[in-house]
file structure_30.txt (compact mmCIF, C-alpha atoms)
# COMPACT_ATOMS: atom_id res chain seq x y z
CA MET E 145 -87.90 94.56 -3.99
CA ASN E 146 -91.65 94.39 -3.58
CA ILE E 147 -91.21 91.47 -1.22
CA ILE E 148 -88.85 93.49 1.01
CA LEU E 149 -91.32 96.37 1.06
CA LEU E 150 -94.12 93.97 1.92
CA ALA E 151 -92.06 92.53 4.77
CA ILE E 152 -91.24 95.94 6.27
CA SER E 153 -94.81 97.08 5.86
CA ALA E 154 -96.18 93.95 7.56
CA ALA E 155 -93.73 94.01 10.46
CA PHE E 156 -93.59 97.72 11.32
CA VAL E 157 -95.78 100.10 9.33
CA ASN E 158 -99.01 98.13 9.53
CA ASN E 159 -98.10 96.36 12.75
CA VAL E 160 -100.60 93.61 13.32
CA VAL E 161 -101.31 94.49 16.97
CA LEU E 162 -100.65 98.19 17.23
CA SER E 163 -102.28 99.45 14.07
CA GLN E 164 -104.59 96.64 12.94
CA PHE E 165 -105.69 95.53 16.43
CA MET E 166 -105.46 91.81 15.81
CA GLY E 167 -104.21 89.51 18.56
CA ILE E 168 -104.90 91.96 21.39
CA CYS E 169 -105.89 89.16 23.75
CA PRO E 170 -102.49 87.42 23.94
CA PHE E 171 -100.78 90.81 23.56
CA LEU E 172 -102.31 91.96 26.85
CA GLY E 173 -102.65 88.56 28.52
CA VAL E 174 -99.24 86.93 27.99
CA SER E 175 -96.98 89.98 28.27
CA LYS E 176 -96.17 89.96 31.94
CA LYS E 177 -92.64 88.60 31.59
CA ILE E 178 -90.16 88.94 28.74
CA SER E 179 -89.48 85.19 28.70
CA THR E 180 -93.15 84.23 28.27
CA ALA E 181 -93.65 87.02 25.75
CA ALA E 182 -90.71 85.78 23.71
CA GLY E 183 -92.10 82.23 23.83
CA MET E 184 -95.50 83.42 22.63
CA GLY E 185 -93.88 85.54 19.91
CA GLY E 186 -91.85 82.57 18.71
CA ALA E 187 -94.87 80.30 18.65
CA VAL E 188 -96.89 82.87 16.68
CA ILE E 189 -94.11 83.32 14.11
CA PHE E 190 -93.93 79.54 13.69
CA VAL E 191 -97.67 78.95 13.36
CA MET E 192 -98.53 82.05 11.36
CA THR E 193 -95.90 81.32 8.68
CA ILE E 194 -97.12 77.75 8.23
CA ALA E 195 -100.79 78.79 8.44
CA SER E 196 -100.35 81.49 5.78
CA ALA E 197 -98.73 78.99 3.43
CA VAL E 198 -101.31 76.25 4.04
CA THR E 199 -104.38 78.48 3.85
CA SER E 200 -103.28 80.19 0.65
CA LEU E 201 -102.48 76.81 -0.92
CA ILE E 202 -105.90 75.48 0.07
CA TYR E 203 -107.59 78.62 -1.22
CA LYS E 204 -105.82 78.47 -4.55
CA PHE E 205 -106.00 74.75 -5.24
CA VAL E 206 -109.16 73.63 -3.45
CA LEU E 207 -111.61 76.45 -2.75
CA VAL E 208 -111.27 78.42 -5.98
CA PRO E 209 -111.38 75.45 -8.45
CA PHE E 210 -114.50 74.08 -6.69
CA GLU E 211 -116.05 77.55 -6.40
CA LEU E 212 -116.22 77.26 -2.63
CA ASP E 213 -114.33 80.47 -1.90
CA TYR E 214 -117.31 81.86 0.03
CA LEU E 215 -116.61 79.22 2.68
CA ASN E 216 -113.16 80.62 3.40
CA THR E 217 -113.87 81.68 7.02
CA ILE E 218 -115.08 78.22 8.09
CA VAL E 219 -112.38 76.35 6.20
CA PHE E 220 -109.55 78.59 7.39
CA ILE E 221 -110.45 78.45 11.08
CA LEU E 222 -110.73 74.66 10.96
CA VAL E 223 -107.45 74.36 9.07
CA ILE E 224 -105.74 76.62 11.61
CA ALA E 225 -107.17 74.70 14.57
CA ALA E 226 -106.11 71.38 13.06
CA LEU E 227 -102.73 72.78 12.08
CA VAL E 228 -102.01 73.98 15.61
CA GLN E 229 -102.85 70.52 16.97
CA PHE E 230 -100.69 68.89 14.32
CA VAL E 231 -97.74 71.21 14.92
CA GLU E 232 -97.99 70.52 18.63
CA MET E 233 -97.96 66.74 18.13
CA PHE E 234 -95.17 66.92 15.55
CA LEU E 235 -92.93 69.08 17.74
CA LYS E 236 -93.56 66.88 20.76
CA LYS E 237 -92.40 63.78 18.88
CA SER E 238 -89.59 65.11 16.69
CA VAL E 239 -88.20 68.37 18.09
CA PRO E 240 -88.65 68.10 21.87
CA SER E 241 -86.35 71.04 22.61
CA LEU E 242 -88.46 73.39 20.49
CA TYR E 243 -91.62 71.88 21.98
CA GLU E 244 -90.39 72.69 25.46
CA ALA E 245 -89.84 76.30 24.48
CA LEU E 246 -93.07 76.87 22.54
CA GLY E 247 -95.35 74.02 23.63
CA VAL E 248 -97.45 75.74 26.24
CA TYR E 249 -98.24 78.67 23.94
CA LEU E 250 -99.40 76.63 20.98
CA PRO E 251 -102.97 75.86 22.17
CA LEU E 252 -103.50 79.56 22.87
CA ILE E 253 -102.84 80.45 19.27
CA THR E 254 -106.07 79.12 17.76
CA THR E 255 -107.97 81.98 19.40
CA ASN E 256 -105.35 84.51 18.35
CA CYS E 257 -107.33 86.38 15.75
CA ALA E 258 -104.15 87.57 14.06
CA VAL E 259 -103.60 84.13 12.52
CA LEU E 260 -107.07 83.95 10.97
CA GLY E 261 -107.01 87.67 10.18
CA ILE E 262 -103.76 87.48 8.23
CA ALA E 263 -104.93 84.34 6.39
CA LEU E 264 -108.13 86.13 5.34
CA SER E 265 -106.39 89.36 4.38
CA ASN E 266 -103.86 87.43 2.24
CA VAL E 267 -106.82 86.15 0.25
CA GLN E 268 -108.59 89.52 0.16
CA LYS E 269 -105.50 91.28 -1.14
CA ASN E 270 -104.92 88.58 -3.79
CA TYR E 271 -101.41 87.80 -2.59
CA ASN E 272 -99.67 84.88 -4.31
CA ILE E 273 -98.23 82.09 -2.20
CA LEU E 274 -94.78 83.64 -1.72
CA GLU E 275 -96.31 87.01 -0.79
CA SER E 276 -98.72 85.28 1.61
CA VAL E 277 -95.90 83.50 3.40
CA VAL E 278 -93.82 86.68 3.64
CA ASN E 279 -96.82 88.67 4.85
CA GLY E 280 -97.68 86.00 7.43
CA MET E 281 -94.15 85.62 8.70
CA PHE E 282 -93.36 89.32 9.02
CA SER E 283 -96.73 90.18 10.51
CA ALA E 284 -95.87 87.61 13.16
CA VAL E 285 -92.44 89.17 13.58
CA GLY E 286 -94.22 92.48 14.15
CA PHE E 287 -96.39 90.79 16.78
CA ALA E 288 -93.34 89.31 18.48
CA VAL E 289 -91.53 92.68 18.52
CA ALA E 290 -94.57 94.42 19.98
CA ILE E 291 -95.27 91.83 22.68
CA ILE E 292 -91.61 91.65 23.78
CA ILE E 293 -91.34 95.45 24.02
CA LEU E 294 -94.60 95.58 26.01
CA ALA E 295 -93.33 92.84 28.34
CA GLY E 296 -90.16 94.86 28.92
CA ILE E 297 -92.23 97.93 29.80
CA ARG E 298 -94.46 95.90 32.11
CA GLU E 299 -91.50 94.45 33.99
CA LYS E 300 -90.37 98.01 34.71
CA LEU E 301 -93.92 99.13 35.53
CA GLU E 302 -94.06 96.56 38.35
CA HIS E 303 -91.73 98.72 40.41
CA SER E 304 -93.36 102.08 39.75
CA ASP E 305 -95.86 103.89 41.88
CA ILE E 306 -99.09 103.87 39.88
CA PRO E 307 -102.40 105.32 41.12
CA GLU E 308 -104.57 102.54 42.53
CA SER E 309 -107.22 102.74 39.83
CA PHE E 310 -104.66 102.63 37.01
CA LYS E 311 -103.02 99.42 38.27
CA GLY E 312 -103.33 96.41 36.01
CA ALA E 313 -105.14 96.78 32.71
CA PRO E 314 -105.28 100.60 32.35
CA SER E 315 -101.54 101.14 32.78
CA VAL E 316 -100.81 98.36 30.28
CA LEU E 317 -103.26 99.85 27.78
CA ILE E 318 -101.62 103.26 28.11
CA ALA E 319 -98.18 101.71 27.56
CA ALA E 320 -99.60 99.98 24.47
CA GLY E 321 -101.07 103.27 23.26
CA LEU E 322 -97.72 105.04 23.59
CA MET E 323 -96.12 102.18 21.67
CA ALA E 324 -98.75 102.54 18.96
CA MET E 325 -97.87 106.25 18.72
CA ALA E 326 -94.20 105.39 18.41
CA PHE E 327 -94.94 102.84 15.70
CA THR E 328 -96.80 105.41 13.60
CA GLY E 329 -93.33 106.92 13.13
CA PHE E 330 -92.52 103.98 10.86
CA SER E 331 -95.15 105.09 8.36
CA GLY E 332 -92.56 107.22 6.57
CA LEU E 333 -90.54 104.11 5.74
CA ILE E 334 -92.54 103.13 2.68
CA MET Y 121 -139.25 85.18 33.97
CA GLY Y 122 -136.87 85.85 36.87
CA LYS Y 123 -134.18 83.79 35.23
CA ILE Y 124 -134.48 85.66 31.95
CA THR Y 125 -134.15 89.15 33.44
CA GLU Y 126 -131.31 87.86 35.61
CA ARG Y 127 -129.47 86.68 32.48
CA LEU Y 128 -129.98 90.02 30.73
CA TYR Y 129 -128.82 92.00 33.79
CA ASN Y 130 -125.84 89.69 34.20
CA GLY Y 131 -124.72 90.24 30.60
CA ILE Y 132 -125.29 93.97 30.34
CA VAL Y 133 -124.15 95.13 33.79
CA LYS Y 134 -122.70 92.57 36.17
CA GLU Y 135 -120.43 90.67 33.80
CA ASN Y 136 -120.24 93.25 31.03
CA PRO Y 137 -117.90 91.67 28.46
CA THR Y 138 -116.14 94.92 27.59
CA PHE Y 139 -115.62 96.67 30.90
CA VAL Y 140 -115.67 93.85 33.45
CA GLN Y 141 -114.43 90.75 31.64
CA MET Y 142 -112.29 92.53 29.02
CA LEU Y 143 -113.20 90.04 26.33
CA GLY Y 144 -113.27 90.67 22.61
CA MET Y 145 -110.67 93.41 22.80
CA CYS Y 146 -109.72 93.27 19.11
CA PRO Y 147 -113.05 94.55 17.73
CA THR Y 148 -113.45 96.84 20.75
CA LEU Y 149 -110.31 98.73 19.83
CA ALA Y 150 -110.51 98.42 16.07
CA VAL Y 151 -114.03 99.34 15.00
CA THR Y 152 -114.94 102.01 17.56
CA THR Y 153 -113.87 104.98 15.45
CA ALA Y 154 -117.51 105.82 14.70
CA ALA Y 155 -120.63 105.13 16.76
CA ILE Y 156 -122.44 103.44 13.90
CA ASN Y 157 -119.58 100.96 13.46
CA GLY Y 158 -119.59 100.13 17.17
CA LEU Y 159 -123.35 99.60 17.15
CA GLY Y 160 -123.22 97.51 13.97
CA MET Y 161 -120.40 95.33 15.26
CA GLY Y 162 -122.17 94.87 18.60
CA LEU Y 163 -125.47 93.87 17.02
CA ALA Y 164 -123.83 91.49 14.53
CA THR Y 165 -122.02 89.83 17.45
CA THR Y 166 -125.28 89.67 19.43
CA VAL Y 167 -127.11 87.85 16.64
CA ILE Y 168 -124.28 85.37 16.14
CA LEU Y 169 -123.87 84.81 19.89
CA THR Y 170 -127.60 84.21 20.38
CA MET Y 171 -127.89 81.80 17.47
CA SER Y 172 -124.74 79.87 18.35
CA ASN Y 173 -125.80 79.66 22.01
CA LEU Y 174 -129.17 78.26 20.91
CA VAL Y 175 -127.71 75.64 18.58
CA ILE Y 176 -124.94 74.61 20.98
CA SER Y 177 -127.43 74.33 23.81
CA ILE Y 178 -129.73 72.12 21.71
CA LEU Y 179 -126.79 69.95 20.67
CA ARG Y 180 -125.13 69.92 24.10
CA LYS Y 181 -125.87 66.22 24.67
CA ALA Y 182 -125.02 65.21 21.11
CA ILE Y 183 -121.56 66.79 20.97
CA PRO Y 184 -118.87 64.46 22.42
CA ASP Y 185 -116.76 66.15 25.05
CA LYS Y 186 -113.45 65.58 23.28
CA VAL Y 187 -114.33 67.32 20.04
CA ARG Y 188 -116.51 70.02 21.53
CA ILE Y 189 -114.23 72.95 20.70
CA PRO Y 190 -114.00 72.17 16.96
CA ALA Y 191 -117.76 71.51 16.94
CA TYR Y 192 -118.45 74.88 18.56
CA ILE Y 193 -116.12 76.59 16.10
CA VAL Y 194 -117.99 75.06 13.14
CA VAL Y 195 -121.36 76.24 14.51
CA ILE Y 196 -120.04 79.75 15.19
CA ALA Y 197 -118.22 80.00 11.85
CA SER Y 198 -121.39 78.98 9.99
CA PHE Y 199 -123.42 81.75 11.60
CA VAL Y 200 -120.62 84.25 10.99
CA THR Y 201 -120.63 83.34 7.29
CA ILE Y 202 -124.42 83.77 7.12
CA ILE Y 203 -124.24 87.18 8.81
CA GLN Y 204 -121.41 88.19 6.51
CA PHE Y 205 -123.56 87.43 3.46
CA ILE Y 206 -126.56 89.27 4.87
CA MET Y 207 -124.44 92.32 5.63
CA GLN Y 208 -122.80 92.25 2.21
CA ALA Y 209 -126.23 92.23 0.62
CA TYR Y 210 -128.16 94.70 2.75
CA LEU Y 211 -125.59 96.83 4.60
CA PRO Y 212 -122.68 97.10 2.15
CA GLU Y 213 -121.38 100.36 3.65
CA LEU Y 214 -121.24 99.01 7.20
CA ASN Y 215 -119.71 95.81 5.86
CA ASP Y 216 -116.94 97.79 4.17
CA SER Y 217 -116.13 99.85 7.24
CA LEU Y 218 -116.03 96.81 9.56
CA GLY Y 219 -114.08 94.89 6.92
CA LEU Y 220 -112.02 91.99 8.21
CA PHE Y 221 -113.56 92.16 11.67
CA ILE Y 222 -116.82 90.57 10.52
CA PRO Y 223 -115.21 87.20 9.70
CA LEU Y 224 -113.01 87.62 12.79
CA ILE Y 225 -116.11 87.35 15.01
CA VAL Y 226 -115.36 83.61 14.75
CA VAL Y 227 -112.41 84.00 17.10
CA ASN Y 228 -114.11 86.50 19.42
CA CYS Y 229 -113.49 85.16 22.91
CA ILE Y 230 -116.98 86.14 24.08
CA ILE Y 231 -118.75 83.72 21.76
CA LEU Y 232 -116.60 80.67 22.39
CA GLY Y 233 -116.44 81.60 26.06
CA ARG Y 234 -120.25 81.68 26.44
CA ALA Y 235 -120.59 78.43 24.48
CA GLU Y 236 -118.17 76.74 26.85
CA ALA Y 237 -119.25 78.41 30.08
CA TYR Y 238 -123.02 78.60 29.65
CA ALA Y 239 -124.69 77.15 26.55
CA SER Y 240 -123.02 73.76 26.87
CA LYS Y 241 -124.48 73.31 30.37
CA ASN Y 242 -127.91 74.96 30.18
CA LYS Y 243 -131.28 74.61 28.47
CA PRO Y 244 -131.93 76.42 25.16
CA LEU Y 245 -134.19 79.21 26.48
CA PRO Y 246 -131.87 80.57 29.18
CA SER Y 247 -128.99 80.15 26.73
CA ILE Y 248 -130.75 82.40 24.22
CA PHE Y 249 -131.19 85.10 26.83
CA ASP Y 250 -127.65 84.65 28.04
CA GLY Y 251 -126.56 85.30 24.45
CA ILE Y 252 -128.82 88.35 24.12
CA GLY Y 253 -127.64 89.75 27.46
CA MET Y 254 -123.94 89.27 26.76
CA GLY Y 255 -124.36 90.54 23.20
CA LEU Y 256 -126.18 93.67 24.33
CA GLY Y 257 -123.55 94.22 27.02
CA PHE Y 258 -120.91 94.10 24.29
CA THR Y 259 -122.99 96.41 22.09
CA VAL Y 260 -123.39 98.94 24.91
CA GLY Y 261 -119.66 98.83 25.61
CA LEU Y 262 -118.66 99.28 21.97
CA THR Y 263 -121.21 102.01 21.26
CA PHE Y 264 -120.20 103.93 24.40
CA ILE Y 265 -116.50 103.87 23.50
CA ALA Y 266 -117.33 104.73 19.89
CA ILE Y 267 -119.48 107.72 20.89
CA ILE Y 268 -116.63 109.13 22.98
CA ARG Y 269 -114.08 108.62 20.22
CA GLU Y 270 -116.33 109.97 17.47
CA PHE Y 271 -117.37 113.03 19.49
CA PHE Y 272 -113.87 114.14 20.45
CA GLY Y 273 -112.27 113.00 17.21
CA LYS Y 274 -114.78 114.32 14.70
CA GLY Y 275 -117.27 116.40 16.69
CA LYS Y 276 -120.03 114.07 15.58
CA ILE Y 277 -122.19 111.33 17.06
CA PHE Y 278 -123.77 108.82 14.68
CA ASP Y 279 -122.53 111.11 11.91
CA ILE Y 280 -124.63 114.01 13.24
CA ASP Y 281 -122.61 117.18 13.74
CA ILE Y 282 -123.37 117.87 17.40
CA VAL Y 283 -121.55 121.22 17.58
CA LYS Y 284 -123.40 122.55 14.57
CA LEU Y 285 -126.66 121.24 15.99
CA ILE Y 286 -126.20 123.12 19.25
CA GLN Y 287 -125.22 126.29 17.42
CA ASP Y 288 -128.13 126.19 15.00
CA ASN Y 289 -130.77 125.44 17.61
CA GLU Y 290 -129.44 127.96 20.13
CA VAL Y 291 -129.60 125.59 23.10
CA PRO Y 292 -130.02 127.86 26.19
CA VAL Y 293 -127.09 127.03 28.50
CA LEU Y 294 -124.60 125.73 25.95
CA ASN Y 295 -125.13 128.49 23.42
CA GLY Y 296 -122.08 130.69 23.16
CA ILE Y 297 -119.92 128.18 25.02
CA VAL Y 298 -120.08 125.50 22.34
CA SER Y 299 -119.45 126.87 18.90
CA SER Y 300 -117.43 125.70 15.97
CA ASP Y 301 -114.88 128.43 16.80
CA SER Y 302 -114.31 127.18 20.33
CA PHE Y 303 -114.54 123.47 19.51
CA SER Y 304 -111.67 121.85 17.70
CA THR Y 305 -111.51 118.13 17.13
CA ILE Y 306 -108.73 116.01 18.64
CA ASN Y 307 -107.48 113.72 15.93
CA ILE Y 308 -105.76 111.24 18.23
CA PHE Y 309 -109.15 109.98 19.45
CA THR Y 310 -109.93 108.41 16.11
CA SER Y 311 -106.40 107.18 15.44
CA ALA Y 312 -105.00 103.82 16.58
CA PRO Y 313 -103.26 104.99 19.80
CA GLY Y 314 -106.42 106.82 20.86
CA ALA Y 315 -108.27 103.52 21.08
CA PHE Y 316 -105.86 102.30 23.76
CA PHE Y 317 -106.02 105.56 25.71
CA VAL Y 318 -109.82 105.85 25.75
CA LEU Y 319 -110.25 102.26 26.90
CA ALA Y 320 -107.52 102.68 29.53
CA PHE Y 321 -109.22 105.72 31.04
CA LEU Y 322 -112.67 104.12 30.98
CA ILE Y 323 -111.41 101.04 32.81
CA ALA Y 324 -109.49 103.21 35.27
CA PHE Y 325 -112.71 105.11 35.95
CA ILE Y 326 -114.62 101.89 36.60
CA ASN Y 327 -111.77 100.64 38.82
CA HIS Y 328 -111.85 103.92 40.74
CA ARG Y 329 -115.57 103.54 41.44
CA ASN Y 330 -115.17 99.90 42.45
CA ILE Y 331 -112.33 100.74 44.84
CA LYS Y 332 -114.34 103.58 46.39
CA LYS Y 333 -117.38 101.36 46.81
CA ALA Y 334 -115.31 98.57 48.33
CA LYS Y 335 -113.65 100.95 50.79
CA LYS Y 336 -117.07 102.09 51.95
CA GLU Y 337 -118.21 98.52 52.49
CA GLY Y 338 -114.86 97.35 53.84
CA THR Y 339 -114.43 94.59 51.23
CA THR Y 340 -111.67 93.91 48.72
CA PRO Y 341 -112.34 95.68 45.44
CA ASN Y 342 -113.35 93.72 42.37
CA VAL Y 343 -110.77 95.27 40.02
CA CYS Y 344 -110.67 93.99 36.48
CA LYS Y 345 -107.47 92.14 35.78
CA LEU Y 346 -105.74 90.99 32.65
CA ALA Y 347 -105.96 87.41 33.85
CA ASP Y 348 -109.61 87.53 32.83
CA CYS Y 349 -108.47 88.06 29.28
CA ALA Y 350 -106.24 85.03 29.37
CA ALA Y 351 -109.18 83.11 30.82
CA CYS Y 352 -110.85 83.09 27.43
CA GLU Y 353 -107.83 81.40 25.98
CA ASN Y 354 -108.11 78.73 28.62
CA VAL Y 355 -111.11 77.49 26.68
CA MET Y 356 -108.58 76.29 24.16
CA CYS Y 357 -106.34 74.48 26.60
CA GLN Y 358 -108.94 72.41 28.49
CA GLY Y 359 -109.24 74.84 31.33
CA LYS Y 360 -105.61 74.64 32.37
CA ARG Y 361 -103.98 77.90 33.36
CA LYS Y 362 -101.04 78.31 31.06
CA GLU Y 363 -99.88 81.81 31.82
CA ASP Y 364 -97.23 82.88 34.33
call {"tool": "encode", "arguments": {"input": "structure_30.txt", "output": "structure tokens"}}
result
Amino acid sequence: MNIILLAISAAFVNNVVLSQFMGICPFLGVSKKISTAAGMGGAVIFVMTIASAVTSLIYKFVLVPFELDYLNTIVFILVIAALVQFVEMFLKKSVPSLYEALGVYLPLITTNCAVLGIALSNVQKNYNILESVVNGMFSAVGFAVAIIILAGIREKLEHSDIPESFKGAPSVLIAAGLMAMAFTGFSGLI
Amino acid sequence: MGKITERLYNGIVKENPTFVQMLGMCPTLAVTTAAINGLGMGLATTVILTMSNLVISILRKAIPDKVRIPAYIVVIASFVTIIQFIMQAYLPELNDSLGLFIPLIVVNCIILGRAEAYASKNKPLPSIFDGIGMGLGFTVGLTFIAIIREFFGKGKIFDIDIVKLIQDNEVPVLNGIVSSDSFSTINIFTSAPGAFFVLAFLIAFINHRNIKKAKKEGTTPNVCKLADCAACENVMCQGKRKED
């Protein structure tokens, strides 16, 4: 039951972009079309789930036994960067269809601070490995939901008459702000 | 000296990371609920950016081109860890309120972006001042947004109750107009959606001024676009445009 609560909380209540402000860069930068947004969302779900599992395993079985847990920021970012490279190479060789769908978004993910942020907060909150994976996966689902909704809004915004100075970034930020307000409605869920 | 002042001006005004380049949006939106947090975050980033620019500039000939990004990340992450320890020891309160966003400075686009765009191609001294200029530009941006949000959201600036201050000191013009009866705080400014709205209106204001100025001079306006945000991610994909 706790796991289900954790999943709902990660995906909607404490949405990674709209209430924790992690991964704003791709959220604003890659949300122009629904298809690209969905690709980015898929890639983030894929990487964040694996990264959460790997980083919490490394923390538990390498950093803590050797009393190196103070190095977690350095180790985690390197692991994530290497992991993204590895996932890219693996997909290219073995699952070309998936690589075609997600490939171009993978290199962008290393700078997505949501991946590192979730890995660090898993450790801070003392989640076990199962909880870390669930938290990572559903936080990424929350990211995907948010970026796809924003892309949908932006596609409609293209055709609307916006004041000159609000074109581009400001209108997108306002749309994101309204979405953040809507998402606060989920806080009654848990 | 000309080069140094040029670097500082470039970072703080011309290529201001917050308002012009729209880099480092995560901390900009997340920590600006109070002016002191914005200032603290900005200064921590400035120190890390300056140090990493210095080290990367010194090592620019030693780092092989193919592994430069991981090398930069190691340098940046080391300084972030050092700053994190210093803040835990001497500024525990600030450290608690910034929380996760201190270690997340590692993935701040500004730092990796400056390493790639400037420090890896220039001598150490200009790189230091490039770091200071960009860092201060970021600090100014964050503190400005934070002051607006803290004032409207809590009626305070740097934790000083401005409304009470005006009332107690009987400031000539404002006295009677500004009082705790007439001033009520607007909670949305300090909540999550407020961050998006404040930034949106600030950028719209800057766009408005740029458009006006460009119309006067008959040139095309330099309006800040979201593509600039994706540009920082291009660092990760060898400069290839991946979006759209």
call {"tool": "residues_around", "arguments": {"input": "structure_30.txt", "residues": "segment 128-136 of chain Y", "least_positions_apart": "4", "cutoff": "10 Å", "atoms": "only C-alpha atoms", "output": "tab-separated table (two decimals) with C-alpha atoms, in the frame of the given file"}}
result
chain	number	residue	atom	x	y	z
Y	123	LYS	CA	-134.18	83.79	35.23
Y	124	ILE	CA	-134.48	85.66	31.95
Y	140	VAL	CA	-115.67	93.85	33.45
Y	141	GLN	CA	-114.43	90.75	31.64
Y	142	MET	CA	-112.29	92.53	29.02
Y	143	LEU	CA	-113.20	90.04	26.33
Y	246	PRO	CA	-131.87	80.57	29.18
Y	249	PHE	CA	-131.19	85.10	26.83
Y	250	ASP	CA	-127.65	84.65	28.04
Y	251	GLY	CA	-126.56	85.30	24.45
Y	252	ILE	CA	-128.82	88.35	24.12
Y	253	GLY	CA	-127.64	89.75	27.46
Y	254	MET	CA	-123.94	89.27	26.76
Y	255	GLY	CA	-124.36	90.54	23.20
Y	256	LEU	CA	-126.18	93.67	24.33
Y	257	GLY	CA	-123.55	94.22	27.02
Y	258	PHE	CA	-120.91	94.10	24.29
Y	259	THR	CA	-122.99	96.41	22.09
Y	260	VAL	CA	-123.39	98.94	24.91
Y	261	GLY	CA	-119.66	98.83	25.61
call {"tool": "atom_distance", "arguments": {"input": "structure_30.txt", "atom1": "atom CA of Leu162 of chain E", "atom2": "atom CA of Leu227 of chain E"}}
result
26.0 Å
call {"tool": "closest_atom_pairs", "arguments": {"input": "structure_30.txt", "of": "chain E", "to": "chain Y", "cutoff": "9 Å", "atoms": "only C-alpha atoms", "output": "Markdown table"}}
result
| residue | atom | partner | partner_atom | distance |
| --- | --- | --- | --- | --- |
| E:Val161 | CA | Y:Cys146 | CA | 8.8 |
| E:Leu162 | CA | Y:Ala312 | CA | 7.1 |
| E:Ser163 | CA | Y:Ala312 | CA | 5.7 |
| E:Gln164 | CA | Y:Ala150 | CA | 6.9 |
| E:Phe165 | CA | Y:Cys146 | CA | 5.3 |
| E:Met166 | CA | Y:Cys146 | CA | 5.6 |
| E:Gly167 | CA | Y:Cys146 | CA | 6.7 |
| E:Ile168 | CA | Y:Cys146 | CA | 5.5 |
| E:Cys169 | CA | Y:Cys349 | CA | 6.2 |
| E:Pro170 | CA | Y:Ala350 | CA | 7.0 |
| E:Leu172 | CA | Y:Leu346 | CA | 6.8 |
| E:Gly173 | CA | Y:Ala350 | CA | 5.1 |
| E:Val174 | CA | Y:Glu363 | CA | 6.4 |
| E:Lys176 | CA | Y:Asp364 | CA | 7.5 |
| E:Lys177 | CA | Y:Asp364 | CA | 7.8 |
| E:Thr180 | CA | Y:Asp364 | CA | 7.4 |
| E:Tyr214 | CA | Y:Thr201 | CA | 8.1 |
| E:Leu215 | CA | Y:Thr201 | CA | 7.4 |
| E:Asn216 | CA | Y:Thr201 | CA | 8.9 |
| E:Thr217 | CA | Y:Pro223 | CA | 6.3 |
| E:Ile218 | CA | Y:Ala197 | CA | 5.2 |
| E:Val219 | CA | Y:Ala197 | CA | 8.9 |
| E:Ile221 | CA | Y:Ile193 | CA | 7.8 |
| E:Leu222 | CA | Y:Pro190 | CA | 7.3 |
| E:Ala225 | CA | Y:Pro190 | CA | 7.7 |
| E:Ala226 | CA | Y:Pro190 | CA | 8.8 |
| E:Val248 | CA | Y:Lys362 | CA | 6.5 |
| E:Tyr249 | CA | Y:Lys362 | CA | 7.7 |
| E:Pro251 | CA | Y:Cys357 | CA | 5.7 |
| E:Leu252 | CA | Y:Glu353 | CA | 5.6 |
| E:Ile253 | CA | Y:Glu353 | CA | 8.4 |
| E:Thr254 | CA | Y:Met356 | CA | 7.4 |
| E:Thr255 | CA | Y:Val227 | CA | 5.4 |
| E:Asn256 | CA | Y:Val227 | CA | 7.2 |
| E:Cys257 | CA | Y:Val227 | CA | 5.8 |
| E:Ala258 | CA | Y:Leu224 | CA | 9.0 |
| E:Leu260 | CA | Y:Leu224 | CA | 7.2 |
| E:Gly261 | CA | Y:Leu224 | CA | 6.5 |
| E:Leu264 | CA | Y:Leu220 | CA | 7.6 |
| E:Ser265 | CA | Y:Leu220 | CA | 7.3 |
| E:Glu308 | CA | Y:His328 | CA | 7.6 |
| E:Ser309 | CA | Y:His328 | CA | 4.9 |
| E:Phe310 | CA | Y:Ala324 | CA | 5.2 |
| E:Lys311 | CA | Y:Ala324 | CA | 8.1 |
| E:Gly312 | CA | Y:Lys345 | CA | 6.0 |
| E:Ala313 | CA | Y:Leu346 | CA | 5.8 |
| E:Pro314 | CA | Y:Ala320 | CA | 4.2 |
| E:Ser315 | CA | Y:Ala320 | CA | 7.0 |
| E:Val316 | CA | Y:Ala320 | CA | 8.0 |
| E:Leu317 | CA | Y:Phe316 | CA | 5.4 |
| E:Ile318 | CA | Y:Phe317 | CA | 5.5 |
| E:Ala319 | CA | Y:Phe316 | CA | 8.6 |
| E:Ala320 | CA | Y:Phe316 | CA | 6.7 |
| E:Gly321 | CA | Y:Pro313 | CA | 4.4 |
| E:Leu322 | CA | Y:Pro313 | CA | 6.7 |
| E:Met323 | CA | Y:Pro313 | CA | 7.9 |
| E:Ala324 | CA | Y:Pro313 | CA | 5.2 |
| E:Met325 | CA | Y:Pro313 | CA | 5.6 |
| E:Thr328 | CA | Y:Ala312 | CA | 8.9 |
call {"tool": "axis_aligned_box", "arguments": {"input": "structure_30.txt", "around": "segment 121-130 of chain Y", "padding_each_side": "4 Å", "output": "AutoDock Vina command-line options"}}
result
--center_x -132.5 --center_y 87.9 --center_z 33.8 --size_x 21.4 --size_y 16.2 --size_z 14.1
